[in-house]
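This is protein24.pdb (PDB, C-alpha atoms).
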```pdb
ATOM      1  CA  MET A 569      -4.130  34.822 -45.061
ATOM      2  CA  SER A 570      -6.093  32.989 -47.746
ATOM      3  CA  GLY A 571      -8.444  34.708 -50.156
ATOM      4  CA  HIS A 572     -11.399  33.059 -48.451
ATOM      5  CA  SER A 573     -10.379  34.512 -45.084
ATOM      6  CA  LYS A 574     -10.015  37.920 -46.666
ATOM      7  CA  TRP A 575     -13.510  37.560 -48.143
ATOM      8  CA  SER A 576     -14.753  36.994 -44.601
ATOM      9  CA  GLN A 577     -13.169  40.302 -43.606
ATOM     10  CA  ILE A 578     -14.851  42.085 -46.531
ATOM     11  CA  LYS A 579     -18.189  40.530 -45.553
ATOM     12  CA  ARG A 580     -17.761  41.802 -42.006
ATOM     13  CA  GLN A 581     -16.966  45.316 -43.249
ATOM     14  CA  LYS A 582     -20.073  45.275 -45.422
ATOM     15  CA  GLY A 583     -22.064  44.429 -42.308
ATOM     16  CA  ALA A 584     -21.451  48.019 -41.218
ATOM     17  CA  ASN A 585     -24.309  49.341 -43.370
ATOM     18  CA  ASP A 586     -27.805  49.247 -41.902
ATOM     19  CA  ALA A 587     -29.379  46.770 -44.334
ATOM     20  CA  LYS A 588     -26.546  44.246 -43.958
ATOM     21  CA  ARG A 589     -26.393  44.756 -40.202
ATOM     22  CA  GLY A 590     -30.072  43.895 -39.789
ATOM     23  CA  ALA A 591     -29.664  40.650 -41.735
ATOM     24  CA  LEU A 592     -26.508  39.785 -39.799
ATOM     25  CA  PHE A 593     -28.199  40.371 -36.448
ATOM     26  CA  THR A 594     -31.039  38.051 -37.486
ATOM     27  CA  LYS A 595     -28.553  35.279 -38.246
ATOM     28  CA  LEU A 596     -26.662  35.864 -35.021
ATOM     29  CA  ALA A 597     -29.915  35.771 -33.049
ATOM     30  CA  ARG A 598     -30.867  32.435 -34.633
ATOM     31  CA  GLU A 599     -27.581  30.921 -33.523
ATOM     32  CA  ILE A 600     -28.007  32.277 -29.976
ATOM     33  CA  ILE A 601     -31.587  30.965 -29.738
ATOM     34  CA  THR A 602     -30.637  27.514 -31.046
ATOM     35  CA  ALA A 603     -27.582  27.262 -28.801
ATOM     36  CA  ALA A 604     -29.583  28.317 -25.715
ATOM     37  CA  ARG A 605     -32.384  25.854 -26.519
ATOM     38  CA  GLN A 606     -29.963  22.976 -26.936
ATOM     39  CA  GLY A 607     -27.665  23.630 -23.988
ATOM     40  CA  GLY A 608     -29.472  26.035 -21.678
ATOM     41  CA  PRO A 609     -29.074  29.779 -21.043
ATOM     42  CA  ASP A 610     -25.978  29.581 -18.803
ATOM     43  CA  GLN A 611     -23.027  30.731 -20.909
ATOM     44  CA  ASP A 612     -20.501  29.228 -18.486
ATOM     45  CA  ALA A 613     -22.067  25.792 -18.902
ATOM     46  CA  ASN A 614     -23.007  26.162 -22.578
ATOM     47  CA  TYR A 615     -19.888  26.669 -24.693
ATOM     48  CA  ARG A 616     -21.789  26.985 -27.959
ATOM     49  CA  LEU A 617     -23.957  29.744 -26.508
ATOM     50  CA  ARG A 618     -20.943  31.625 -25.200
ATOM     51  CA  MET A 619     -19.280  31.427 -28.616
ATOM     52  CA  ALA A 620     -22.490  32.689 -30.228
ATOM     53  CA  VAL A 621     -22.697  35.588 -27.782
ATOM     54  CA  ASP A 622     -19.008  36.437 -28.258
ATOM     55  CA  THR A 623     -19.494  36.450 -32.031
ATOM     56  CA  ALA A 624     -22.540  38.687 -31.685
ATOM     57  CA  LYS A 625     -20.614  41.116 -29.491
ATOM     58  CA  SER A 626     -17.682  41.183 -31.920
ATOM     59  CA  ASN A 627     -20.160  42.199 -34.630
ATOM     60  CA  SER A 628     -21.513  45.042 -32.457
ATOM     61  CA  MET A 629     -24.871  43.406 -31.791
ATOM     62  CA  PRO A 630     -26.547  45.396 -28.968
ATOM     63  CA  ALA A 631     -26.597  43.746 -25.547
ATOM     64  CA  GLU A 632     -30.392  44.084 -25.428
ATOM     65  CA  ASN A 633     -30.722  42.084 -28.661
ATOM     66  CA  ILE A 634     -28.491  39.351 -27.240
ATOM     67  CA  LYS A 635     -30.476  39.221 -23.995
ATOM     68  CA  ARG A 636     -33.771  39.079 -25.897
ATOM     69  CA  ALA A 637     -32.519  36.211 -28.088
ATOM     70  CA  ILE A 638     -31.543  34.163 -25.023
ATOM     71  CA  GLU A 639     -34.921  34.856 -23.428
ATOM     72  CA  ARG A 640     -36.698  33.790 -26.623
ATOM     73  CA  ALA A 641     -35.028  30.393 -26.339
ATOM     74  CA  ALA A 642     -37.381  29.651 -23.448
ATOM     75  CA  GLY A 643     -40.386  31.239 -25.177
ATOM     76  CA  SER A 644     -43.624  29.682 -26.284
ATOM     77  CA  GLY A 645     -46.244  30.442 -28.904
ATOM     78  CA  ALA A 646     -45.051  32.938 -31.495
ATOM     79  CA  ASP A 647     -41.556  32.995 -29.994
ATOM     80  CA  ALA A 648     -41.156  29.220 -30.075
ATOM     81  CA  GLU A 649     -40.025  28.792 -33.684
ATOM     82  CA  GLN A 650     -37.658  25.885 -34.128
ATOM     83  CA  PHE A 651     -34.722  26.025 -36.533
ATOM     84  CA  GLU A 652     -33.216  22.934 -38.106
ATOM     85  CA  GLU A 653     -29.502  22.919 -38.847
ATOM     86  CA  VAL A 654     -28.767  21.748 -42.399
ATOM     87  CA  THR A 655     -25.531  21.557 -44.392
ATOM     88  CA  TYR A 656     -25.278  21.788 -48.174
ATOM     89  CA  GLU A 657     -22.259  21.155 -50.401
ATOM     90  CA  GLY A 658     -21.512  22.088 -53.975
ATOM     91  CA  ILE A 659     -19.204  23.249 -56.742
ATOM     92  CA  GLY A 660     -19.367  26.916 -57.738
ATOM     93  CA  PRO A 661     -17.652  29.055 -60.392
ATOM     94  CA  ALA A 662     -14.057  28.055 -61.254
ATOM     95  CA  ASN A 663     -14.675  24.650 -59.627
ATOM     96  CA  VAL A 664     -14.578  26.207 -56.167
ATOM     97  CA  ALA A 665     -15.777  23.780 -53.479
ATOM     98  CA  VAL A 666     -18.328  25.251 -51.078
ATOM     99  CA  ILE A 667     -19.954  24.145 -47.827
ATOM    100  CA  ILE A 668     -23.037  26.057 -46.654
ATOM    101  CA  ALA A 669     -24.223  25.884 -43.046
ATOM    102  CA  ALA A 670     -27.900  26.853 -42.853
ATOM    103  CA  MET A 671     -30.487  27.183 -40.122
ATOM    104  CA  THR A 672     -34.055  26.909 -41.345
ATOM    105  CA  ASP A 673     -37.680  26.384 -40.408
ATOM    106  CA  ASN A 674     -38.437  25.203 -43.959
ATOM    107  CA  ARG A 675     -35.895  22.815 -45.463
ATOM    108  CA  ASN A 676     -37.584  22.780 -48.894
ATOM    109  CA  ARG A 677     -37.432  26.579 -49.200
ATOM    110  CA  THR A 678     -33.794  26.719 -48.165
ATOM    111  CA  ALA A 679     -32.715  23.944 -50.531
ATOM    112  CA  SER A 680     -34.545  25.607 -53.420
ATOM    113  CA  GLU A 681     -32.920  28.996 -52.779
ATOM    114  CA  ILE A 682     -29.434  27.538 -52.488
ATOM    115  CA  ARG A 683     -29.881  25.367 -55.574
ATOM    116  CA  SER A 684     -31.011  28.436 -57.524
ATOM    117  CA  VAL A 685     -27.850  30.383 -56.616
ATOM    118  CA  PHE A 686     -25.665  27.473 -57.728
ATOM    119  CA  SER A 687     -27.592  27.037 -60.981
ATOM    120  CA  LYS A 688     -27.449  30.731 -61.917
ATOM    121  CA  SER A 689     -23.711  30.760 -61.228
ATOM    122  CA  GLY A 690     -23.011  27.707 -63.387
ATOM    123  CA  GLY A 691     -22.467  25.397 -60.414
ATOM    124  CA  ALA A 692     -24.318  22.502 -58.819
ATOM    125  CA  LEU A 693     -24.837  20.784 -55.477
ATOM    126  CA  SER A 694     -22.262  18.045 -55.056
ATOM    127  CA  SER A 695     -20.328  16.258 -52.319
ATOM    128  CA  VAL A 696     -17.186  18.234 -51.435
ATOM    129  CA  ALA A 697     -16.833  17.757 -47.665
ATOM    130  CA  TRP A 698     -13.742  15.622 -48.201
ATOM    131  CA  GLN A 699     -11.926  18.798 -49.275
ATOM    132  CA  PHE A 700     -12.352  20.386 -45.828
ATOM    133  CA  GLU A 701     -11.607  19.656 -42.180
ATOM    134  CA  GLN A 702     -13.079  21.307 -39.110
ATOM    135  CA  LYS A 703     -10.769  23.613 -37.181
ATOM    136  CA  GLY A 704     -10.985  26.264 -34.497
ATOM    137  CA  LEU A 705     -10.245  29.799 -35.674
ATOM    138  CA  ILE A 706      -9.336  32.679 -33.356
ATOM    139  CA  SER A 707      -8.816  36.268 -34.470
ATOM    140  CA  LEU A 708      -6.355  38.092 -32.215
ATOM    141  CA  PRO A 709      -6.060  41.878 -32.646
ATOM    142  CA  LEU A 710      -2.485  43.031 -32.105
ATOM    143  CA  ASN A 711      -3.503  46.238 -30.298
ATOM    144  CA  GLY A 712       0.081  47.466 -30.473
ATOM    145  CA  ASN A 713       1.594  44.196 -29.224
ATOM    146  CA  ASP A 714       4.684  42.672 -30.821
ATOM    147  CA  PRO A 715       3.464  40.123 -33.437
ATOM    148  CA  ASP A 716       6.213  37.702 -32.397
ATOM    149  CA  GLU A 717       5.070  37.914 -28.775
ATOM    150  CA  VAL A 718       1.455  37.216 -29.771
ATOM    151  CA  THR A 719       2.564  34.333 -31.984
ATOM    152  CA  MET A 720       4.609  32.727 -29.214
ATOM    153  CA  ALA A 721       1.722  33.158 -26.761
ATOM    154  CA  ALA A 722      -0.602  31.370 -29.196
ATOM    155  CA  ILE A 723       1.852  28.513 -29.696
ATOM    156  CA  ASP A 724       2.357  28.162 -25.938
ATOM    157  CA  ALA A 725      -1.435  28.123 -25.504
ATOM    158  CA  GLY A 726      -1.703  25.085 -27.800
ATOM    159  CA  ALA A 727      -2.436  26.550 -31.245
ATOM    160  CA  SER A 728      -1.803  24.219 -34.161
ATOM    161  CA  ASP A 729      -0.976  27.065 -36.571
ATOM    162  CA  VAL A 730      -0.504  30.833 -36.429
ATOM    163  CA  GLY A 731      -0.846  33.064 -39.496
ATOM    164  CA  ALA A 732       1.199  36.123 -40.382
ATOM    165  CA  PRO A 733      -0.076  39.499 -39.127
ATOM    166  CA  ASP A 734      -2.699  40.974 -41.457
ATOM    167  CA  SER A 735      -4.865  44.075 -41.045
ATOM    168  CA  GLY A 736      -3.738  44.460 -37.449
ATOM    169  CA  ALA A 737      -4.669  40.940 -36.393
ATOM    170  CA  ILE A 738      -3.297  37.418 -36.275
ATOM    171  CA  MET A 739      -5.400  34.389 -37.165
ATOM    172  CA  VAL A 740      -4.800  31.410 -34.868
ATOM    173  CA  THR A 741      -5.842  27.890 -35.856
ATOM    174  CA  THR A 742      -6.582  25.159 -33.308
ATOM    175  CA  GLU A 743      -7.916  21.656 -33.213
ATOM    176  CA  PRO A 744     -11.704  21.826 -32.671
ATOM    177  CA  ALA A 745     -11.517  20.427 -29.135
ATOM    178  CA  ASP A 746      -8.792  22.941 -28.186
ATOM    179  CA  LEU A 747     -10.576  26.118 -29.307
ATOM    180  CA  GLU A 748     -11.900  27.144 -25.902
ATOM    181  CA  SER A 749      -8.777  26.208 -23.930
ATOM    182  CA  VAL A 750      -6.535  28.153 -26.333
ATOM    183  CA  ARG A 751      -8.842  31.177 -26.277
ATOM    184  CA  ARG A 752      -8.964  31.099 -22.474
ATOM    185  CA  ALA A 753      -5.188  30.723 -22.131
ATOM    186  CA  LEU A 754      -4.615  33.668 -24.455
ATOM    187  CA  ALA A 755      -7.119  35.790 -22.529
ATOM    188  CA  GLN A 756      -5.381  34.941 -19.251
ATOM    189  CA  GLY A 757      -2.122  36.072 -20.859
ATOM    190  CA  GLY A 758      -3.649  39.418 -21.778
ATOM    191  CA  PHE A 759      -4.480  38.668 -25.421
ATOM    192  CA  GLU A 760      -8.241  38.994 -25.889
ATOM    193  CA  ALA A 761      -9.707  37.514 -29.083
ATOM    194  CA  ASP A 762     -12.255  39.496 -31.077
ATOM    195  CA  SER A 763     -13.744  36.239 -32.389
ATOM    196  CA  ALA A 764     -13.404  32.499 -31.772
ATOM    197  CA  GLN A 765     -15.318  29.999 -33.856
ATOM    198  CA  LEU A 766     -15.370  26.561 -35.403
ATOM    199  CA  TRP A 767     -14.999  26.663 -39.150
ATOM    200  CA  MET A 768     -14.258  24.445 -42.142
ATOM    201  CA  GLU A 769     -10.643  24.750 -43.306
ATOM    202  CA  PRO A 770      -9.917  23.752 -46.936
ATOM    203  CA  THR A 771      -7.393  20.952 -47.413
ATOM    204  CA  THR A 772      -7.120  21.722 -51.141
ATOM    205  CA  ARG A 773      -7.292  25.161 -52.725
ATOM    206  CA  VAL A 774      -8.326  26.627 -56.063
ATOM    207  CA  GLU A 775      -5.950  29.429 -57.059
ATOM    208  CA  ILE A 776      -7.682  32.322 -58.820
ATOM    209  CA  GLY A 777      -5.506  34.955 -60.443
ATOM    210  CA  ASP A 778      -7.656  36.893 -62.907
ATOM    211  CA  GLU A 779     -10.080  39.672 -62.064
ATOM    212  CA  LYS A 780     -13.084  38.358 -64.013
ATOM    213  CA  THR A 781     -13.068  34.936 -62.335
ATOM    214  CA  ALA A 782     -12.385  36.442 -58.924
ATOM    215  CA  LYS A 783     -15.439  38.714 -59.303
ATOM    216  CA  GLN A 784     -17.613  35.766 -60.278
ATOM    217  CA  VAL A 785     -16.508  33.761 -57.237
ATOM    218  CA  LEU A 786     -16.942  36.637 -54.774
ATOM    219  CA  GLN A 787     -20.370  37.552 -56.144
ATOM    220  CA  PHE A 788     -21.403  33.894 -55.892
ATOM    221  CA  MET A 789     -20.264  33.793 -52.276
ATOM    222  CA  GLU A 790     -22.113  37.005 -51.498
ATOM    223  CA  LYS A 791     -25.353  35.708 -53.047
ATOM    224  CA  LEU A 792     -25.195  32.605 -50.879
ATOM    225  CA  ASP A 793     -24.375  34.570 -47.750
ATOM    226  CA  ASP A 794     -27.258  36.983 -48.410
ATOM    227  CA  LEU A 795     -29.822  34.177 -48.176
ATOM    228  CA  ASP A 796     -31.776  34.556 -44.937
ATOM    229  CA  ASP A 797     -31.334  30.916 -43.896
ATOM    230  CA  VAL A 798     -27.579  30.746 -44.533
ATOM    231  CA  GLN A 799     -25.428  31.110 -41.415
ATOM    232  CA  ASN A 800     -21.937  30.482 -42.822
ATOM    233  CA  VAL A 801     -20.322  29.792 -46.180
ATOM    234  CA  TYR A 802     -16.947  28.056 -46.445
ATOM    235  CA  ALA A 803     -14.985  27.773 -49.690
ATOM    236  CA  ASN A 804     -11.567  26.666 -50.917
ATOM    237  CA  PHE A 805     -10.664  29.533 -53.269
ATOM    238  CA  ASP A 806      -7.471  31.516 -52.862
ATOM    239  CA  ILE A 807      -7.107  34.961 -54.417
ATOM    240  CA  PRO A 808      -3.821  36.933 -54.150
ATOM    241  CA  ASP A 809      -3.835  39.754 -51.611
ATOM    242  CA  ALA A 810      -3.293  42.467 -54.227
ATOM    243  CA  LEU A 811      -6.281  41.298 -56.293
ATOM    244  CA  MET A 812      -8.483  40.944 -53.214
ATOM    245  CA  GLU A 813      -7.690  44.508 -52.204
ATOM    246  CA  GLN A 814      -8.460  45.690 -55.721
ATOM    247  CA  LEU A 815     -11.840  43.946 -55.683
ATOM    248  CA  GLU A 816     -12.751  44.825 -52.104
ATOM    249  CA  THR A 817     -14.887  47.831 -53.009
ATOM    250  CA  GLN A 818     -16.320  46.226 -56.138
ATOM    251  CA  VAL A 819     -18.228  43.254 -54.687
ATOM    252  CA  ALA A 820     -21.905  44.223 -54.677
TER     253      ALA A 820
END
```
Kindly return the structure encoded in the file as structure tokens.
Amino acid sequence: MSGHSKWSQIKRQKGANDAKRGALFTKLAREIITAARQGGPDQDANYRLRMAVDTAKSNSMPAENIKRAIERAAGSGADAEQFEEVTYEGIGPANVAVIIAAMTDNRNRTASEIRSVFSKSGGALSSVAWQFEQKGLISLPLNGNDPDEVTMAAIDAGASDVGAPDSGAIMVTTEPADLESVRRALAQGGFEADSAQLWMEPTTRVEIGDEKTAKQVLQFMEKLDDLDDVQNVYANFDIPDALMEQLETQVA
């Protein structure tokens, strides 16, 4: 698993504390509201909404919060805020390429906050999308199953790539259009995913091997992710497993 994927795991673990959980739930609710507004409240007919709800559930968002977010999608007045989806690109510390997916009701505020994080970290906004391609990403917990059996099930379901077991789970990559069909086929075979999402997969990677640079990159990522309007941050850094584990408890 790449260093960036491991950073995503660390970020999820940090979401266990109350302050981080509240911010995470706000971001998850925004995605649910936007998905429901665009495609309707029926999860069976609205794939984006179902993915948003599944992601919320996998992050332990209470069912009442999820229900309220879907209901707010049809709200009016104070509950009728509209969020615009905006993407930013840039180069961060160690020439790491970054794509930021934001959801905002004030584009100027969001751009200013993101630009400030880049500037303070010695980076700058710049076109880097060519260094990424969109993929589907499914996290499959092993739950005591044979990793080879899970891997073969994913391949048979149409996965384009299957990672090695890590932290009790296997990461399955699909083509964007195949994400739902692969997830459904795995579920029918008894392998329930704990998350399924579209994400930006790096096509080139920046290898980072020293502790100082790794800290700078991870802190930069965390600062971006902590911004209220930022939904997801994708980057092309790769940090060795041993160093990531060493830094796991150090990222503020």
Expanded to explicit residues, what is the PyMOL selection byres ((chain A and resi 602) around 12) for this file, as a compact mmCIF listing (two decimals) with C-alpha atoms, keeping the file's coordinate frame?
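New file selection_8.txt:
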```
# COMPACT_ATOMS: atom_id res chain seq x y z
CA LYS A 595 -28.55 35.28 -38.25
CA LEU A 596 -26.66 35.86 -35.02
CA ALA A 597 -29.92 35.77 -33.05
CA ARG A 598 -30.87 32.44 -34.63
CA GLU A 599 -27.58 30.92 -33.52
CA ILE A 600 -28.01 32.28 -29.98
CA ILE A 601 -31.59 30.96 -29.74
CA ALA A 603 -27.58 27.26 -28.80
CA ALA A 604 -29.58 28.32 -25.72
CA ARG A 605 -32.38 25.85 -26.52
CA GLN A 606 -29.96 22.98 -26.94
CA GLY A 607 -27.66 23.63 -23.99
CA GLY A 608 -29.47 26.04 -21.68
CA PRO A 609 -29.07 29.78 -21.04
CA ASN A 614 -23.01 26.16 -22.58
CA ARG A 616 -21.79 26.98 -27.96
CA LEU A 617 -23.96 29.74 -26.51
CA ALA A 620 -22.49 32.69 -30.23
CA VAL A 621 -22.70 35.59 -27.78
CA ALA A 637 -32.52 36.21 -28.09
CA ILE A 638 -31.54 34.16 -25.02
CA GLU A 639 -34.92 34.86 -23.43
CA ARG A 640 -36.70 33.79 -26.62
CA ALA A 641 -35.03 30.39 -26.34
CA ALA A 642 -37.38 29.65 -23.45
CA GLY A 643 -40.39 31.24 -25.18
CA ALA A 648 -41.16 29.22 -30.08
CA GLU A 649 -40.02 28.79 -33.68
CA GLN A 650 -37.66 25.88 -34.13
CA PHE A 651 -34.72 26.02 -36.53
CA GLU A 652 -33.22 22.93 -38.11
CA GLU A 653 -29.50 22.92 -38.85
CA MET A 671 -30.49 27.18 -40.12
CA THR A 672 -34.06 26.91 -41.34
CA ASP A 673 -37.68 26.38 -40.41
```
* To do: Find the spatial neighbours of Ser694 in chain A, counting only C-alpha atoms, within a cut-off of 8 Å - ignore same-chain residues fewer than 4 positions away - and output them as a PyMOL selection string.
  => chain A and resi 657-659
* Residue nearest Leu815 in chain A among A:Arg773, A:Ala782, A:Asn800, A:Glu790 (counting all atoms listed in the file) ->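 Ranking A:Arg773, A:Ala782, A:Asn800, A:Glu790 by distance to Leu815 in chain A, first place goes to A:Ala782.
The residues returned by the PyMOL selection byres ((chain A and resi 679-686) around 9) on the shown structure are Tyr656, Gly658, Ile659, Gly660, Pro661, Ile668, Asn674, Arg675, Asn676, Arg677, Thr678, Ser687, Lys688, Ser689, Gly690, Gly691, Ala692, Leu693, Phe788, Lys791, Leu792, Leu795 and Val798 of chain A.
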* What is the CA of Gln784 in chain A to CA of Ala662 in chain A distance in Å? ->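 Separation between CA of Gln784 in chain A and CA of Ala662 in chain A: 8.5 Å.
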